[in-house]
$ cat model01.txt   # compact mmCIF, C-alpha atoms
# COMPACT_ATOMS: atom_id res chain seq x y z
CA MET A 1 -6.34 -2.08 -16.15
CA LEU A 2 -5.35 -3.30 -12.67
CA ARG A 3 -1.93 -1.64 -13.01
CA LYS A 4 -3.62 1.68 -13.81
CA LEU A 5 -5.95 1.26 -10.83
CA ILE A 6 -2.98 0.72 -8.49
CA PHE A 7 -1.32 3.92 -9.72
CA ASP A 8 -4.62 5.85 -9.54
CA VAL A 9 -5.27 4.83 -5.93
CA ALA A 10 -1.66 5.65 -5.00
CA SER A 11 -1.89 9.11 -6.55
CA LYS A 12 -5.09 9.89 -4.63
CA THR A 13 -3.92 8.60 -1.25
CA SER A 14 -2.07 10.95 1.05
CA GLY A 15 1.23 9.66 2.43
CA VAL A 16 1.83 6.98 -0.21
CA GLY A 17 4.12 8.91 -2.55
CA PRO A 18 5.47 7.56 -5.83
CA LEU A 19 5.34 3.84 -6.55
CA GLU A 20 8.28 1.73 -7.62
CA GLU A 21 7.30 -0.75 -10.31
CA THR A 22 9.49 -3.82 -10.43
CA LEU A 23 9.42 -7.58 -10.97
CA LYS A 24 9.24 -9.93 -8.00
CA TRP A 25 9.02 -13.64 -8.69
CA ASP A 26 8.66 -12.68 -12.38
CA SER A 27 5.44 -10.76 -11.61
CA PRO A 28 4.71 -7.03 -11.81
CA SER A 29 5.05 -5.62 -8.30
CA TYR A 30 4.41 -2.21 -6.78
CA LEU A 31 6.26 -0.86 -3.76
CA THR A 32 6.09 2.32 -1.74
CA SER A 33 9.90 2.45 -1.55
CA GLU A 34 10.20 6.17 -0.87
CA THR A 35 7.64 6.45 1.94
CA GLN A 36 7.51 2.83 3.15
CA SER A 37 3.77 3.42 3.66
CA GLY A 38 2.54 0.07 2.41
CA THR A 39 3.14 -3.56 1.73
CA THR A 40 4.12 -4.82 -1.72
CA ILE A 41 1.29 -5.38 -4.19
CA ARG A 42 1.86 -8.05 -6.82
CA ILE A 43 -0.18 -9.05 -9.88
CA ASP A 44 0.11 -12.62 -11.14
CA ARG A 45 -1.79 -15.30 -12.99
CA VAL A 46 -3.29 -18.06 -10.92
CA GLY A 47 -1.53 -21.37 -11.51
CA SER A 48 -2.96 -23.27 -14.42
CA GLN A 49 -6.43 -21.73 -14.17
CA GLU A 50 -7.12 -20.27 -17.62
CA GLY A 51 -8.02 -16.57 -17.50
CA MET A 52 -7.61 -16.21 -13.74
CA TYR A 53 -5.25 -13.75 -12.10
CA GLY A 54 -4.82 -12.23 -8.69
CA ILE A 55 -3.79 -9.15 -6.80
CA PHE A 56 -1.58 -10.28 -3.95
CA VAL A 57 0.00 -8.84 -0.79
CA HIS A 58 2.43 -10.29 1.74
CA CYS A 59 0.77 -13.30 3.37
CA GLN A 60 1.76 -12.21 6.89
CA SER A 61 0.09 -8.83 6.56
CA ASN A 62 -3.49 -8.46 7.75
CA VAL A 63 -4.67 -6.71 4.56
CA VAL A 64 -6.90 -9.59 3.37
CA LYS A 65 -8.37 -10.12 6.84
CA GLU A 66 -9.09 -6.41 7.28
CA PHE A 67 -10.61 -6.20 3.80
CA LYS A 68 -12.90 -9.17 4.49
CA GLN A 69 -14.08 -7.56 7.75
CA LYS A 70 -15.10 -4.32 6.02
CA VAL A 71 -16.36 -5.43 2.61
CA SER A 72 -19.24 -7.86 2.22
CA THR A 73 -19.11 -8.21 -1.58
CA PRO A 74 -18.63 -11.88 -2.50
CA LEU A 75 -15.13 -12.24 -3.91
CA THR A 76 -12.74 -15.16 -4.27
CA PHE A 77 -9.67 -15.06 -2.03
CA ASP A 78 -6.36 -16.87 -2.01
CA SER A 79 -6.13 -17.45 1.74
CA THR A 80 -4.28 -14.50 3.31
CA ARG A 81 -2.50 -13.58 0.08
CA GLY A 82 -5.01 -11.76 -2.09
CA ILE A 83 -8.06 -11.55 -4.31
CA LEU A 84 -8.56 -13.80 -7.33
CA LEU A 85 -10.14 -12.30 -10.44
CA ASP A 86 -11.39 -13.52 -13.81
CA ALA A 87 -9.88 -11.74 -16.82
CA LYS A 88 -13.21 -11.73 -18.65
CA ASP A 89 -14.93 -9.78 -15.83
CA ASP A 90 -14.65 -6.11 -14.89
CA ILE A 91 -12.52 -5.37 -11.83
CA PRO A 92 -14.89 -5.02 -8.86
CA GLU A 93 -15.01 -1.51 -7.39
CA GLU A 94 -13.99 -2.87 -3.98
CA VAL A 95 -10.54 -3.82 -5.31
CA SER A 96 -9.71 -0.09 -5.03
CA TYR A 97 -10.18 -0.40 -1.29
CA PHE A 98 -7.97 -3.50 -1.15
CA ILE A 99 -5.25 -1.51 -2.94
CA TYR A 100 -5.74 1.39 -0.52
CA LEU A 101 -5.33 -0.96 2.46
CA ALA A 102 -2.13 -2.40 0.99
CA LEU A 103 -0.63 0.99 0.09
CA THR A 104 -1.29 2.37 3.60
CA TYR A 105 -0.57 -0.82 5.56
CA HIS A 106 2.40 0.55 7.55
CA LEU A 107 0.89 4.03 7.90
CA ARG A 108 -2.28 2.61 9.44
CA LYS A 109 -0.28 0.62 11.96
CA LYS A 110 0.77 3.96 13.45
CA LYS A 111 -2.30 5.05 15.39
CA GLY A 112 -3.98 8.08 13.92
CA SER A 113 -1.54 8.59 11.06
CA VAL A 114 -4.07 7.88 8.28
CA LYS A 115 -7.79 8.38 8.32
CA GLU A 116 -10.15 5.82 6.81
CA ILE A 117 -11.21 7.74 3.68
CA TRP A 118 -12.49 5.10 1.31
CA ASP A 119 -16.20 4.62 0.79
CA ARG A 120 -18.28 2.78 -1.76
CA GLY A 121 -18.67 5.94 -3.85
CA TRP A 122 -14.94 6.43 -4.31
CA VAL A 123 -13.82 5.00 -7.62
CA CYS A 124 -10.58 5.81 -9.40

$ encode --input "model01.txt" --output "structure tokens"
Amino acid sequence: MLRKLIFDVASKTSGVGPLEETLKWDSPSYLTSETQSGTTIRIDRVGSQEGMYGIFVHCQSNVVKEFKQKVSTPLTFDSTRGILLDAKDDIPEEVSYFIYLALTYHLRKKKGSVKEIWDRGWVC
């Protein structure tokens, strides 16, 4: 379900282009190799916590910080790396925005190159 959401957000976001799906650290990872528009998104289980998994980005990016500043929904975070989720719960709508921020990370660093288009009503 999370994999599909990543591809859905990518297909609806201008400037992202096709995603490359690969394995990094034995985890499914998604890169904007062709356009270099974003930072890598990785999906992985969370240590030994049964039923927990996460959507992660590069820890030196500001994606988690920016997400926290703009979204007030209570979520569980793994420091600056990503959002932790429970497999038995639905994926929160706001995760779409987190994906958007990751996929446009480098584009948004260039002033004015991408407009902020996500809102609470936008669901893939």

$ residues_around --input "model01.txt" --residues "Gly15 in chain A" --least-positions-apart "6" --cutoff "10 Å" --atoms "only C-alpha atoms" --output "count of residues only"
10

$ closest_residue --input "model01.txt" --among "A:Val16, A:Ile41, A:Ile55, A:Leu101" --to "Leu84 in chain A" --atoms "all atoms listed in the file"
A:Ile55

$ residues_around --input "model01.txt" --residues "range 48-51 of chain A" --least-positions-apart "6" --cutoff "8 Å" --atoms "only C-alpha atoms" --output "VMD selection string"
chain A and resid 86 to 88

$ atom_distance --input "model01.txt" --atom1 "CA of Met52 in chain A" --atom2 "CA of Ala10 in chain A"
24.3 Å

$ axis_aligned_box --input "model01.txt" --around "range 65-68 of chain A" --padding-each-side "6 Å" --output "AutoDock Vina command-line options"
--center_x -10.6 --center_y -8.2 --center_z 5.5 --size_x 16.5 --size_y 15.9 --size_z 15.5

$ atom_distance --input "model01.txt" --atom1 "CA of Gly54 in chain A" --atom2 "CA of Lys70 in chain A"
19.6 Å

$ closest_residue --input "model01.txt" --among "A:Ile91, A:Val71, A:Leu85, A:Ile43" --to "Lys24 in chain A" --atoms "all atoms listed in the file"
A:Ile43

$ atom_distance --input "model01.txt" --atom1 "CA of Thr73 in chain A" --atom2 "CA of Lys110 in chain A"
27.7 Å
